[in-house]
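Listing of data_8.cif; format and content: mmCIF, C-alpha atoms.
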```cif
data_upload
loop_
_atom_site.label_atom_id
_atom_site.label_comp_id
_atom_site.auth_asym_id
_atom_site.auth_seq_id
_atom_site.Cartn_x
_atom_site.Cartn_y
_atom_site.Cartn_z
CA MET A 373 12.28 -15.59 8.17
CA LEU A 374 10.68 -18.99 8.59
CA ILE A 375 11.21 -21.11 5.50
CA LEU A 376 9.05 -24.18 4.83
CA THR A 377 9.06 -26.64 1.96
CA ARG A 378 5.64 -27.51 0.55
CA ARG A 379 4.47 -29.62 -2.39
CA GLU A 380 1.51 -29.12 -4.67
CA GLY A 381 -1.70 -29.53 -2.71
CA GLN A 382 -0.03 -28.92 0.65
CA SER A 383 -0.86 -25.95 2.86
CA ILE A 384 0.36 -23.82 5.70
CA ILE A 385 -1.80 -22.25 8.38
CA ILE A 386 -1.08 -18.77 9.76
CA GLY A 387 -2.72 -18.00 13.08
CA ASP A 388 -6.18 -19.45 13.55
CA ASP A 389 -7.83 -18.50 10.34
CA ILE A 390 -5.45 -17.99 7.43
CA LYS A 391 -4.66 -20.93 5.16
CA ILE A 392 -2.33 -20.80 2.16
CA THR A 393 -2.30 -23.73 -0.24
CA VAL A 394 0.15 -24.42 -3.06
CA VAL A 395 -2.29 -24.99 -5.90
CA ASP A 396 0.10 -25.43 -8.80
CA VAL A 397 3.85 -25.24 -9.54
CA LYS A 398 4.75 -24.78 -13.17
CA GLY A 399 7.62 -23.19 -15.11
CA GLY A 400 8.98 -21.08 -12.28
CA ASN A 401 5.51 -19.89 -11.18
CA VAL A 402 3.78 -20.90 -8.00
CA ARG A 403 0.00 -20.49 -7.79
CA LEU A 404 -1.22 -19.96 -4.26
CA GLY A 405 -4.72 -20.31 -2.89
CA ILE A 406 -5.41 -18.08 0.08
CA GLU A 407 -8.22 -18.55 2.53
CA ALA A 408 -8.51 -15.69 4.99
CA PRO A 409 -11.24 -13.86 6.90
CA LEU A 410 -13.09 -11.30 4.74
CA GLU A 411 -11.70 -8.41 6.77
CA THR A 412 -8.10 -9.41 5.97
CA ALA A 413 -6.70 -7.64 2.92
CA VAL A 414 -4.46 -9.73 0.65
CA HIS A 415 -2.33 -7.95 -1.98
CA ARG A 416 0.45 -8.73 -4.38
CA GLN A 417 3.49 -7.02 -2.91
CA GLU A 418 4.42 -5.12 -6.09
CA VAL A 419 1.06 -3.29 -6.26
CA HIS A 420 1.46 -2.24 -2.66
CA GLU A 421 5.01 -1.03 -3.34
CA LYS A 422 3.84 0.97 -6.35
CA ILE A 423 1.31 2.85 -4.20
CA GLN A 424 3.93 3.38 -1.51
CA PHE A 425 6.39 4.79 -4.06
CA GLU A 426 3.77 7.19 -5.44
CA ASN A 427 2.81 8.28 -1.90
CA ARG A 428 6.42 9.17 -1.13
CA LEU A 429 6.67 11.18 -4.32
CA ALA A 430 3.37 12.96 -3.64
CA ALA A 431 4.42 13.81 -0.07
CA SER A 432 7.20 16.08 -1.30
CA LEU A 433 4.79 18.60 -2.81
CA THR A 434 5.14 22.23 -1.67
CA PRO A 435 2.45 24.94 -1.74
CA GLU A 436 4.63 26.83 -4.24
CA SER A 437 4.80 23.96 -6.72
CA LEU A 438 1.06 23.41 -6.42
CA SER A 439 0.34 27.12 -6.85
CA ALA A 440 2.25 27.01 -10.12
CA ALA A 441 -0.59 24.83 -11.39
CA ASP A 442 -3.40 27.05 -10.07
CA GLY A 443 -3.83 29.00 -13.30
CA ILE A 444 -4.27 25.85 -15.33
CA PHE A 445 -6.78 24.27 -12.98
CA LYS A 446 -8.89 27.31 -12.09
CA GLY A 447 -12.52 26.62 -12.74
CA PHE A 448 -12.24 22.83 -12.63
CA LYS A 449 -14.50 22.55 -9.63
CA HIS A 450 -15.92 19.44 -8.09
CA LYS A 451 -18.47 17.97 -10.48
CA ARG A 452 -20.59 16.94 -7.53
CA ASP A 453 -21.24 20.61 -6.73
CA GLU A 454 -22.52 21.26 -10.23
CA GLY A 455 -25.18 18.59 -10.30
CA GLY A 456 -22.96 15.75 -11.48
CA GLN A 457 -22.80 16.21 -15.25
CA LYS A 458 -21.49 13.02 -16.81
CA CYS A 459 -19.34 12.37 -19.82
CA MET B 1017 -6.00 22.68 19.25
CA LEU B 1018 -2.84 24.19 17.80
CA ILE B 1019 -0.69 22.05 15.52
CA ASN B 1020 2.66 22.64 13.88
CA THR B 1021 3.11 22.15 10.16
CA THR B 1022 6.17 22.64 8.01
CA ARG B 1023 4.28 24.15 5.09
CA PHE B 1024 1.63 26.26 6.80
CA GLY B 1025 3.26 27.10 10.15
CA GLN B 1026 1.20 26.79 13.32
CA ILE B 1027 -2.50 26.37 12.62
CA GLU B 1028 -5.61 26.09 14.75
CA VAL B 1029 -7.50 22.85 14.18
CA ASN B 1030 -11.03 22.07 15.30
CA GLU B 1031 -10.78 18.61 16.86
CA GLU B 1032 -14.13 17.63 15.38
CA ARG B 1033 -12.64 17.96 11.91
CA VAL B 1034 -9.75 15.56 12.50
CA ILE B 1035 -9.76 12.46 10.30
CA PHE B 1036 -8.45 9.20 11.76
CA MET B 1037 -6.74 6.56 9.61
CA PRO B 1038 -6.32 3.45 11.79
CA LYS B 1039 -3.46 2.12 9.63
CA GLY B 1040 -2.07 5.43 8.42
CA ILE B 1041 -1.19 6.11 4.79
CA ILE B 1042 0.65 3.37 2.90
CA GLY B 1043 4.37 3.94 3.49
CA PHE B 1044 3.62 6.23 6.45
CA PRO B 1045 2.02 3.94 9.04
CA GLY B 1046 2.62 6.43 11.87
CA ALA B 1047 0.60 9.17 10.19
CA LYS B 1048 -2.87 8.42 11.48
CA ARG B 1049 -4.48 11.80 12.10
CA PHE B 1050 -5.11 14.28 9.29
CA ILE B 1051 -6.93 17.49 8.60
CA ILE B 1052 -8.21 18.79 5.26
CA LEU B 1053 -7.13 22.33 4.43
CA ASP B 1054 -8.22 24.57 1.58
CA HIS B 1055 -5.75 25.46 -1.12
CA ASP B 1056 -7.21 27.96 -3.56
CA GLY B 1057 -11.00 27.91 -3.68
CA GLN B 1058 -10.95 28.25 -7.47
CA THR B 1059 -9.02 25.02 -7.98
CA PRO B 1060 -10.09 21.44 -7.23
CA PHE B 1061 -7.18 20.84 -4.82
CA LYS B 1062 -7.25 20.30 -1.05
CA TRP B 1063 -4.34 19.75 1.31
CA TYR B 1064 -4.34 16.67 3.50
CA GLN B 1065 -2.08 17.62 6.40
CA SER B 1066 -0.80 15.08 8.92
CA LEU B 1067 -1.15 16.04 12.59
CA ASP B 1068 1.42 13.42 13.59
CA GLU B 1069 4.21 14.43 11.20
CA PRO B 1070 4.41 18.20 10.66
CA SER B 1071 6.31 17.83 7.38
CA LEU B 1072 3.84 15.34 5.87
CA ALA B 1073 1.07 16.66 3.64
CA PHE B 1074 -0.58 15.41 0.48
CA VAL B 1075 -2.77 17.08 -2.09
CA LEU B 1076 -6.17 15.56 -2.78
CA ILE B 1077 -8.58 15.86 -5.67
CA ASP B 1078 -12.06 14.52 -6.32
CA PRO B 1079 -11.55 11.60 -8.75
CA LEU B 1080 -14.94 12.29 -10.37
CA ILE B 1081 -13.39 15.37 -11.98
CA ILE B 1082 -10.98 13.13 -13.83
CA ARG B 1083 -13.27 10.14 -14.39
CA PRO B 1084 -16.97 10.88 -13.84
CA ASP B 1085 -17.61 7.12 -13.68
CA TYR B 1086 -14.85 6.42 -11.12
CA SER B 1087 -15.86 3.91 -8.50
CA VAL B 1088 -14.24 1.91 -5.74
CA ASP B 1089 -15.36 -1.56 -4.78
CA LEU B 1090 -15.84 -1.45 -1.00
CA SER B 1091 -14.48 -4.83 0.04
CA ASP B 1092 -15.11 -6.25 3.49
CA ASP B 1093 -11.70 -5.29 4.85
CA ILE B 1094 -12.50 -1.63 4.08
CA LEU B 1095 -16.00 -1.82 5.55
CA PHE B 1096 -14.55 -3.41 8.68
CA GLU B 1097 -11.56 -1.12 9.19
CA ILE B 1098 -13.39 2.19 9.02
CA GLU B 1099 -16.70 0.78 10.28
CA ILE B 1100 -18.81 1.65 7.27
CA LYS B 1101 -22.46 0.91 7.92
CA ASP B 1102 -24.04 3.41 5.56
CA ARG B 1103 -22.51 3.40 2.07
CA SER B 1104 -24.18 6.72 1.23
CA LYS B 1105 -21.89 8.37 3.79
CA VAL B 1106 -18.71 7.35 1.98
CA VAL B 1107 -16.57 9.81 0.03
CA VAL B 1108 -13.48 9.02 -2.02
CA ALA B 1109 -10.51 11.27 -2.82
CA VAL B 1110 -7.25 10.60 -4.64
CA ILE B 1111 -3.71 11.89 -4.11
CA VAL B 1112 -2.02 13.99 -6.78
CA THR B 1113 1.67 14.35 -7.59
CA VAL B 1114 3.04 17.50 -9.19
CA ARG B 1115 5.83 17.06 -11.72
CA GLU B 1116 8.31 19.68 -12.85
CA ASN B 1117 5.84 20.93 -15.40
CA PRO B 1118 2.57 21.84 -13.61
CA GLU B 1119 0.60 20.60 -16.61
CA ASP B 1120 1.90 17.13 -15.85
CA ILE B 1121 0.10 16.72 -12.51
CA THR B 1122 -0.88 13.09 -12.09
CA ALA B 1123 -3.49 11.49 -9.86
CA ASN B 1124 -3.21 8.11 -8.21
CA LEU B 1125 -6.52 6.43 -9.04
CA GLN B 1126 -5.22 3.04 -7.94
CA GLY B 1127 -4.67 4.07 -4.31
CA PRO B 1128 -7.71 6.16 -3.37
CA ILE B 1129 -8.53 7.29 0.16
CA VAL B 1130 -11.98 6.24 1.33
CA PHE B 1131 -13.62 8.40 4.00
CA ASN B 1132 -16.49 7.41 6.27
CA LEU B 1133 -18.26 10.72 6.92
CA ASN B 1134 -20.18 9.25 9.86
CA ASN B 1135 -17.13 8.71 12.07
CA ARG B 1136 -14.39 10.60 10.16
CA ARG B 1137 -12.34 7.45 9.70
CA ALA B 1138 -10.45 6.84 6.50
CA LYS B 1139 -8.37 4.22 4.74
CA GLN B 1140 -6.09 4.23 1.74
CA VAL B 1141 -7.21 1.39 -0.46
CA VAL B 1142 -5.19 -0.60 -3.00
CA LEU B 1143 -7.23 -1.43 -6.08
CA VAL B 1144 -6.11 -4.67 -7.67
CA ASN B 1145 -7.13 -5.89 -11.11
CA SER B 1146 -8.55 -2.48 -11.84
CA GLU B 1147 -8.39 -0.32 -14.97
CA TYR B 1148 -6.78 2.44 -12.92
CA CYS B 1149 -3.09 3.08 -12.30
CA THR B 1150 -1.03 5.28 -9.99
CA ARG B 1151 -0.43 7.99 -12.62
CA HIS B 1152 -3.30 9.49 -14.55
CA TYR B 1153 -2.56 12.83 -16.22
CA VAL B 1154 -5.18 15.05 -14.63
CA LEU B 1155 -5.28 17.81 -17.24
CA ALA B 1156 -5.32 15.45 -20.23
CA GLU B 1157 -8.13 13.38 -18.72
CA ILE B 1158 -10.23 16.42 -17.82
CA ARG B 1159 -9.84 17.75 -21.37
CA ALA B 1160 -10.76 14.38 -22.87
CA CYS B 1161 -13.84 14.31 -20.66
CA GLN B 1162 -14.84 17.83 -21.69
CA GLN B 1163 -14.42 16.99 -25.37
CA LYS B 1164 -16.69 14.00 -24.93
CA LEU B 1165 -19.23 16.20 -23.17
CA ALA B 1166 -19.12 18.76 -25.98
CA LEU B 1167 -19.76 15.98 -28.50
CA CYS B 1168 -22.70 14.69 -26.50
CA ASN B 1169 -24.23 18.14 -26.30
CA GLN B 1170 -23.93 18.89 -30.01
#
```
Kindly transcribe the structure held in the file into structure tokens.
Amino acid sequence: MLILTRREGQSIIIGDDIKITVVDVKGGNVRLGIEAPLETAVHRQEVHEKIQFENRLAASLTPESLSAADGIFKGFKHKRDEGGQKC
Amino acid sequence: MLINTTRFGQIEVNEERVIFMPKGIIGFPGAKRFIILDHDGQTPFKWYQSLDEPSLAFVLIDPLIIRPDYSVDLSDDILFEIEIKDRSKVVVAVIVTVRENPEDITANLQGPIVFNLNNRRAKQVVLVNSEYCTRHYVLAEIRACQQKLALCNQ
């Protein structure tokens, strides 16, 4: 991993078009400003990890365990097909 | 074409129905090609079977069943990645997780899959700063919605 030291107001450039600026350092928190092309997604790592964790859990589903829920969910069809009744 | 799956054995897949996810599913970057399979026509569930990993399959549900006002903000990175030109040709589904008790099925409304019907490309999206989380109790939310409806119709 490349490690760089930056002060408030200083930036790093990644590639041609991504710029990360240290906006503020206070009480153990660092605020970063990110300038990147619109088509580049920028996420906080923990949100991404949460989705990944849930995906792994969801991927272990078997037809048998889903079928156990069939009785409960029978009749809950796609609202779209019924003319989109709203709450 | 014939594909192998762990859950459903060998199945025949019409190539025109294959869905392509350029970056795969989050946590499974190698799983790029999927097919949607029926579960039980009476329930709102569909299987989302990977063609690249026979043992990988998810269960999808229409989020509008859980939250009739559910919406996803189509940011530029989504539009770009799956080449969305016509927003009316976009469909969203969410992944469900079954717990030990079938009544406790949850849906991940924070990581929906966005489909471009025009080119059958899809992307799993991460919603940040949204009111949705990765675990919404499907049954409880449907019931709450129906109660609201009943009140409105009184």
Taking the file as I've supplied it (selection: the PyMOL selection byres ((chain A and resi 401-414) around 12)), which residues are included? Please answer as number ranges by chain. A: 378-400, 415-417, 419-420; B: 1090-1099, 1140-1144
Please, could you write that set of residues out with C-alpha atoms as a compact mmCIF listing (two decimals), in the frame of the given file?
```txt
# COMPACT_ATOMS: atom_id res chain seq x y z
CA ARG A 378 5.64 -27.51 0.55
CA ARG A 379 4.47 -29.62 -2.39
CA GLU A 380 1.51 -29.12 -4.67
CA GLY A 381 -1.70 -29.53 -2.71
CA GLN A 382 -0.03 -28.92 0.65
CA SER A 383 -0.86 -25.95 2.86
CA ILE A 384 0.36 -23.82 5.70
CA ILE A 385 -1.80 -22.25 8.38
CA ILE A 386 -1.08 -18.77 9.76
CA GLY A 387 -2.72 -18.00 13.08
CA ASP A 388 -6.18 -19.45 13.55
CA ASP A 389 -7.83 -18.50 10.34
CA ILE A 390 -5.45 -17.99 7.43
CA LYS A 391 -4.66 -20.93 5.16
CA ILE A 392 -2.33 -20.80 2.16
CA THR A 393 -2.30 -23.73 -0.24
CA VAL A 394 0.15 -24.42 -3.06
CA VAL A 395 -2.29 -24.99 -5.90
CA ASP A 396 0.10 -25.43 -8.80
CA VAL A 397 3.85 -25.24 -9.54
CA LYS A 398 4.75 -24.78 -13.17
CA GLY A 399 7.62 -23.19 -15.11
CA GLY A 400 8.98 -21.08 -12.28
CA HIS A 415 -2.33 -7.95 -1.98
CA ARG A 416 0.45 -8.73 -4.38
CA GLN A 417 3.49 -7.02 -2.91
CA VAL A 419 1.06 -3.29 -6.26
CA HIS A 420 1.46 -2.24 -2.66
CA LEU B 1090 -15.84 -1.45 -1.00
CA SER B 1091 -14.48 -4.83 0.04
CA ASP B 1092 -15.11 -6.25 3.49
CA ASP B 1093 -11.70 -5.29 4.85
CA ILE B 1094 -12.50 -1.63 4.08
CA LEU B 1095 -16.00 -1.82 5.55
CA PHE B 1096 -14.55 -3.41 8.68
CA GLU B 1097 -11.56 -1.12 9.19
CA ILE B 1098 -13.39 2.19 9.02
CA GLU B 1099 -16.70 0.78 10.28
CA GLN B 1140 -6.09 4.23 1.74
CA VAL B 1141 -7.21 1.39 -0.46
CA VAL B 1142 -5.19 -0.60 -3.00
CA LEU B 1143 -7.23 -1.43 -6.08
CA VAL B 1144 -6.11 -4.67 -7.67
```
Chain A residues near chain B within 8 Å, closest pair each, using only C-alpha atoms, as a tab-separated table:
```
residue	atom	partner	partner_atom	distance
A:Leu410	CA	B:Asp1092	CA	5.6
A:Glu411	CA	B:Asp1093	CA	3.7
A:Thr412	CA	B:Asp1093	CA	5.6
A:Ala413	CA	B:Asp1093	CA	5.9
A:His415	CA	B:Val1144	CA	7.6
A:Val419	CA	B:Val1144	CA	7.4
A:His420	CA	B:Val1142	CA	6.9
A:Lys422	CA	B:Thr1150	CA	7.5
A:Ile423	CA	B:Gly1127	CA	6.1
A:Gln424	CA	B:Gly1043	CA	5.1
A:Phe425	CA	B:Gly1043	CA	7.9
A:Glu426	CA	B:Thr1150	CA	6.9
A:Asn427	CA	B:Gly1043	CA	7.1
A:Arg428	CA	B:Gly1043	CA	7.3
A:Leu429	CA	B:Thr1113	CA	6.8
A:Ala430	CA	B:Thr1113	CA	4.5
A:Ala431	CA	B:Phe1074	CA	5.3
A:Ser432	CA	B:Ala1073	CA	7.9
A:Leu433	CA	B:Val1114	CA	6.7
A:Thr434	CA	B:Arg1023	CA	7.1
A:Pro435	CA	B:Arg1023	CA	7.1
A:Ser437	CA	B:Val1114	CA	7.1
A:Leu438	CA	B:Val1114	CA	6.8
A:Ala440	CA	B:Pro1118	CA	6.2
A:Ala441	CA	B:Pro1118	CA	4.9
A:Asp442	CA	B:Thr1059	CA	6.3
A:Ile444	CA	B:Glu1119	CA	7.3
A:Phe445	CA	B:Thr1059	CA	5.5
A:Lys446	CA	B:Thr1059	CA	4.7
A:Gly447	CA	B:Gln1058	CA	5.7
A:Phe448	CA	B:Pro1060	CA	6.0
A:Lys449	CA	B:Pro1060	CA	5.1
A:His450	CA	B:Ile1081	CA	6.2
A:Lys451	CA	B:Ile1081	CA	5.9
A:Arg452	CA	B:Leu1080	CA	7.8
A:Lys458	CA	B:Pro1084	CA	5.8
A:Cys459	CA	B:Leu1165	CA	5.1
```
May I have the residues from that selection written out with C-alpha atoms, as a PDB file, in the coordinates of the input?
```pdb
ATOM      1  CA  LEU A 410     -13.090 -11.300   4.740  1.00  0.00           C
ATOM      2  CA  GLU A 411     -11.700  -8.410   6.770  1.00  0.00           C
ATOM      3  CA  THR A 412      -8.100  -9.410   5.970  1.00  0.00           C
ATOM      4  CA  ALA A 413      -6.700  -7.640   2.920  1.00  0.00           C
ATOM      5  CA  HIS A 415      -2.330  -7.950  -1.980  1.00  0.00           C
ATOM      6  CA  VAL A 419       1.060  -3.290  -6.260  1.00  0.00           C
ATOM      7  CA  HIS A 420       1.460  -2.240  -2.660  1.00  0.00           C
ATOM      8  CA  LYS A 422       3.840   0.970  -6.350  1.00  0.00           C
ATOM      9  CA  ILE A 423       1.310   2.850  -4.200  1.00  0.00           C
ATOM     10  CA  GLN A 424       3.930   3.380  -1.510  1.00  0.00           C
ATOM     11  CA  PHE A 425       6.390   4.790  -4.060  1.00  0.00           C
ATOM     12  CA  GLU A 426       3.770   7.190  -5.440  1.00  0.00           C
ATOM     13  CA  ASN A 427       2.810   8.280  -1.900  1.00  0.00           C
ATOM     14  CA  ARG A 428       6.420   9.170  -1.130  1.00  0.00           C
ATOM     15  CA  LEU A 429       6.670  11.180  -4.320  1.00  0.00           C
ATOM     16  CA  ALA A 430       3.370  12.960  -3.640  1.00  0.00           C
ATOM     17  CA  ALA A 431       4.420  13.810  -0.070  1.00  0.00           C
ATOM     18  CA  SER A 432       7.200  16.080  -1.300  1.00  0.00           C
ATOM     19  CA  LEU A 433       4.790  18.600  -2.810  1.00  0.00           C
ATOM     20  CA  THR A 434       5.140  22.230  -1.670  1.00  0.00           C
ATOM     21  CA  PRO A 435       2.450  24.940  -1.740  1.00  0.00           C
ATOM     22  CA  SER A 437       4.800  23.960  -6.720  1.00  0.00           C
ATOM     23  CA  LEU A 438       1.060  23.410  -6.420  1.00  0.00           C
ATOM     24  CA  ALA A 440       2.250  27.010 -10.120  1.00  0.00           C
ATOM     25  CA  ALA A 441      -0.590  24.830 -11.390  1.00  0.00           C
ATOM     26  CA  ASP A 442      -3.400  27.050 -10.070  1.00  0.00           C
ATOM     27  CA  ILE A 444      -4.270  25.850 -15.330  1.00  0.00           C
ATOM     28  CA  PHE A 445      -6.780  24.270 -12.980  1.00  0.00           C
ATOM     29  CA  LYS A 446      -8.890  27.310 -12.090  1.00  0.00           C
ATOM     30  CA  GLY A 447     -12.520  26.620 -12.740  1.00  0.00           C
ATOM     31  CA  PHE A 448     -12.240  22.830 -12.630  1.00  0.00           C
ATOM     32  CA  LYS A 449     -14.500  22.550  -9.630  1.00  0.00           C
ATOM     33  CA  HIS A 450     -15.920  19.440  -8.090  1.00  0.00           C
ATOM     34  CA  LYS A 451     -18.470  17.970 -10.480  1.00  0.00           C
ATOM     35  CA  ARG A 452     -20.590  16.940  -7.530  1.00  0.00           C
ATOM     36  CA  LYS A 458     -21.490  13.020 -16.810  1.00  0.00           C
ATOM     37  CA  CYS A 459     -19.340  12.370 -19.820  1.00  0.00           C
TER      38      CYS A 459
END
```
Provide the CA of His1152 (chain B) to CA of Val1034 (chain B) distance in Å, to one decimal place. 28.5 Å
I'd like to see the residues matched by the PyMOL selection byres ((chain B and resi 1068) around 10) on this file, and ideally I'd get them as a ChimeraX atom specification. /B:1019-1021,1046-1050,1065-1067,1069-1072
Taking all atoms of region 377-393 of chain A that the file lists and extending 5 Å past them on each side, where is the centre of the axis-aligned box and how long are its edges? Answer in Å to one decimal, as JSON.
```
{"center_x": 0.6, "center_y": -23.8, "center_z": 4.4, "size_x": 26.9, "size_y": 21.6, "size_z": 28.2}
```
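One distance worth recording is that between CA of Leu1053 (chain B) and CA of Gly1025 (chain B), which is 12.8 Å.
For the pair CA of Tyr1148 (chain B) and CA of Val1110 (chain B), the interatomic distance is 11.6 Å.
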